[in-house]
Amino acid sequence: MPRKVRMTKNGILCEVGDLRVCLDPKTADASSINFVSHAHSDHLPSKNGGTILASIETNEIANLRGFKMENHIELFEDFSLIDSGHILGAKGLLFDDIFYTGDICTRDRGFLQGAKVPKCKTLITECTFGLPEFIFPKMDVIQKQVNELISELYGKGIPVILMGYQLGKAQTITQLFGHWGPLYFHDSVKQMNTLHQKFGVDLKEGIGHSEAQKMGLLDKKPWIMVAPMMSGKNKFVQDMKSKYGAVTIGFSGWAQSTKFSFGRRTDYSIPMSDHCDFDELVNLVKESGAEQVYTIHGFVEEFAEHLKKKLGISAQPLIENSLDDFT
Ligand SMILES: [Zn+2]
Ligand SMILES: [Zn+2]
């Protein structure tokens, strides 16, 4: 069957015979199957159209974030939605020998199991951390380091705010460090945690920050709070620092880099990510056995170059106008 994979203004389009498959399109396309890999806002379409293929979890989280999917389906013909281990409900899509990773992580983290990569001929992979400098520490090393840090701060009576993306990272942090108490949540994290609990994710309960503040609970130090990633200039962070002397610990893959300072906006930064690191990306490509790799998101040129030069795999960034026919 003739196939085409290309990048359009609306995102990735695969044409397999008469079938059009849009992968994480900006706007859901009326004449296509639109696959939405997960509910992070840069992957959600801004408008409905056609059929949207997504997991039940992604549909519900999208709803909570203000995007109501019309014509949602969770199964389509022989397409397989493969757990991508990125956040709750995140999937890759395997169809007609093509595997699209969406955002992917092959490392186990708390309740999230690392992705198992399927065999395919054509691989479309993200490479957010596709530079060799991005190698993340093992999870048990991170846990030990952070527990020691919290312990040290607690010893001095200092409250600690753990920060990570509201959807995904914040729930992993809650699970990994929720044994510290008293445990509070930024209100937005509490809302997202509740949805995770509904899907059976085991997360400790805690009071939201507005309520805790009203009840005067934050005056009793130390305490721990899980909050979304925010800059030190943010009013909430400044309040927590000036009123309670709180210290912030941020969790981000970018913390690993010497070049990207936005990974270090917090007092301490821990290189923990919901994406593959460089070595994991390379392993993912090897495991897939793909003959052709298209790179998207992040260091697309550098990672494709590495695959070609070091591994002899046919690879290229998927960019607009890079029309590629193959059968
Ligand atoms: Zn994502
Ligand atoms: Zn993404």
# chains A, B, ... in the order shown; residues from 1 in each chain; ligands from 1
>>> select_by_dssp(residues="range 3-99 of chain A", states="helix (DSSP H, G or I)", output="ChimeraX atom specification")
/A:56-64
>>> write_last_selection(atoms="N, CA and C atoms", output="mmCIF file, in the first residue's frame")
data_model
loop_
_atom_site.group_PDB
_atom_site.id
_atom_site.type_symbol
_atom_site.label_atom_id
_atom_site.label_comp_id
_atom_site.auth_asym_id
_atom_site.auth_seq_id
_atom_site.Cartn_x
_atom_site.Cartn_y
_atom_site.Cartn_z
ATOM 1 N N ILE A 56 -9.059 6.681 27.107
ATOM 2 C CA ILE A 56 -10.140 7.193 27.964
ATOM 3 C C ILE A 56 -9.587 8.265 28.910
ATOM 4 N N GLU A 57 -8.399 7.993 29.464
ATOM 5 C CA GLU A 57 -7.793 8.932 30.409
ATOM 6 C C GLU A 57 -7.516 10.273 29.728
ATOM 7 N N THR A 58 -6.949 10.194 28.516
ATOM 8 C CA THR A 58 -6.629 11.433 27.786
ATOM 9 C C THR A 58 -7.902 12.232 27.528
ATOM 10 N N ASN A 59 -8.965 11.539 27.164
ATOM 11 C CA ASN A 59 -10.244 12.198 26.934
ATOM 12 C C ASN A 59 -10.713 12.935 28.195
ATOM 13 N N GLU A 60 -10.620 12.271 29.331
ATOM 14 C CA GLU A 60 -11.096 12.883 30.592
ATOM 15 C C GLU A 60 -10.218 14.028 31.051
ATOM 16 N N ILE A 61 -8.897 13.843 30.924
ATOM 17 C CA ILE A 61 -8.000 14.924 31.352
ATOM 18 C C ILE A 61 -8.186 16.143 30.445
ATOM 19 N N ALA A 62 -8.345 15.875 29.139
ATOM 20 C CA ALA A 62 -8.579 16.969 28.188
ATOM 21 C C ALA A 62 -9.829 17.750 28.586
ATOM 22 N N ASN A 63 -10.855 16.994 28.967
ATOM 23 C CA ASN A 63 -12.114 17.592 29.399
ATOM 24 C C ASN A 63 -11.882 18.541 30.584
ATOM 25 N N LEU A 64 -11.125 18.042 31.561
ATOM 26 C CA LEU A 64 -10.805 18.835 32.751
ATOM 27 C C LEU A 64 -10.040 20.105 32.366
#
>>> residues_near_ligand(ligand="ligand 2", cutoff="9 Å", atoms="only C-alpha atoms and all ligand atoms", output="mmCIF file with C-alpha atoms, in the first residue's frame")
data_model
loop_
_atom_site.group_PDB
_atom_site.id
_atom_site.type_symbol
_atom_site.label_atom_id
_atom_site.label_comp_id
_atom_site.auth_asym_id
_atom_site.auth_seq_id
_atom_site.Cartn_x
_atom_site.Cartn_y
_atom_site.Cartn_z
ATOM 1 C CA HIS A 38 -1.888 12.588 25.613
ATOM 2 C CA HIS A 40 -0.476 17.977 27.610
ATOM 3 C CA SER A 41 -1.667 21.221 26.077
ATOM 4 C CA ASP A 42 0.867 21.231 23.222
ATOM 5 C CA HIS A 43 -0.613 17.909 22.028
ATOM 6 C CA GLY A 102 3.971 10.751 21.069
ATOM 7 C CA ASP A 103 5.912 11.826 24.174
ATOM 8 C CA ILE A 104 7.621 8.770 25.569
ATOM 9 C CA GLU A 126 10.191 12.610 19.754
ATOM 10 C CA THR A 128 13.148 16.331 23.387
ATOM 11 C CA HIS A 275 10.741 11.893 28.665
ATOM 12 C CA HIS A 297 10.342 17.785 18.910
#
>>> residues_around(residues="Tyr154 in chain A", least_positions_apart="2", cutoff="10 Å", atoms="only C-alpha atoms", output="PyMOL selection string")
chain A and resi 148-152+156-160+180+221-224
>>> write_last_selection(atoms="C-alpha atoms", output="PDB file, in the first residue's frame")
ATOM      1  CA  GLU A 148      18.277  13.619  52.192  1.00  0.00           C
ATOM      2  CA  LEU A 149      17.709  17.189  51.111  1.00  0.00           C
ATOM      3  CA  ILE A 150      14.201  17.313  52.601  1.00  0.00           C
ATOM      4  CA  SER A 151      15.503  15.731  55.790  1.00  0.00           C
ATOM      5  CA  GLU A 152      18.211  18.360  56.100  1.00  0.00           C
ATOM      6  CA  LYS A 156      16.128  23.273  60.371  1.00  0.00           C
ATOM      7  CA  GLY A 157      12.331  23.662  60.417  1.00  0.00           C
ATOM      8  CA  ILE A 158      12.253  24.850  56.802  1.00  0.00           C
ATOM      9  CA  PRO A 159       9.135  24.107  54.668  1.00  0.00           C
ATOM     10  CA  VAL A 160       9.798  22.583  51.254  1.00  0.00           C
ATOM     11  CA  TRP A 180       6.745  13.455  54.227  1.00  0.00           C
ATOM     12  CA  LYS A 221       6.519  24.527  60.133  1.00  0.00           C
ATOM     13  CA  PRO A 222       8.021  22.495  58.571  1.00  0.00           C
ATOM     14  CA  TRP A 223       5.672  21.148  55.936  1.00  0.00           C
ATOM     15  CA  ILE A 224       5.876  19.891  52.393  1.00  0.00           C
TER      16      ILE A 224
END
>>> closest_residue(among="A:Thr27, A:Ser231, A:Thr101, A:Ser314", to="ligand 1", atoms="only C-alpha atoms and all ligand atoms")
A:Thr101
>>> closest_residue(among="A:Val293, A:Cys105, A:Val146, A:Val247", to="ligand 1", atoms="only C-alpha atoms and all ligand atoms")
A:Cys105
>>> residues_around(residues="range 28-31 of chain A", least_positions_apart="3", cutoff="12 Å", atoms="only C-alpha atoms", output="ChimeraX atom specification")
/A:8-13,15,18-25,34-36,43-53,67,69-72
>>> atom_distance(atom1="CA of Ser252 in chain A", atom2="CA of Gly181 in chain A")
22.9 Å
>>> closest_residue(among="A:Cys276, A:Val300, A:Ile135, A:Leu162", to="ligand 1", atoms="only C-alpha atoms and all ligand atoms")
A:Cys276
>>> closest_residue(among="A:Gln166, A:Ser32, A:Gln316, A:Ser288", to="ligand 1", atoms="only C-alpha atoms and all ligand atoms")
A:Gln166
>>> closest_residue(among="A:Lys4, A:Lys91, A:Lys116, A:Lys26", to="ligand 1", atoms="only C-alpha atoms and all ligand atoms")
A:Lys91
>>> residues_around(residues="Ala304 in chain A", least_positions_apart="5", cutoff="7 Å", atoms="only C-alpha atoms", output="compact mmCIF listing (two decimals) with N, CA and C atoms, in the first residue's frame")
# COMPACT_ATOMS: atom_id res chain seq x y z
N THR A 295 12.53 12.18 13.13
CA THR A 295 12.64 12.81 14.45
C THR A 295 11.74 14.04 14.51
N ALA A 315 17.76 8.17 8.97
CA ALA A 315 16.99 9.04 9.87
C ALA A 315 16.99 10.46 9.35
N GLN A 316 15.88 11.15 9.54
CA GLN A 316 15.79 12.56 9.16
C GLN A 316 14.74 13.28 9.98
N PRO A 317 14.97 14.57 10.21
CA PRO A 317 13.94 15.32 10.94
C PRO A 317 12.68 15.41 10.08
>>> residues_around(residues="Glu211 in chain A", least_positions_apart="2", cutoff="12 Å", atoms="only C-alpha atoms", output="list of chain:residue names")
A:Tyr184, A:Phe185, A:His186, A:Asp187, A:Lys190, A:Gly206, A:Ile207, A:Gly208, A:His209, A:Gln213, A:Lys214, A:Met215, A:Gly216, A:Leu217, A:Leu218
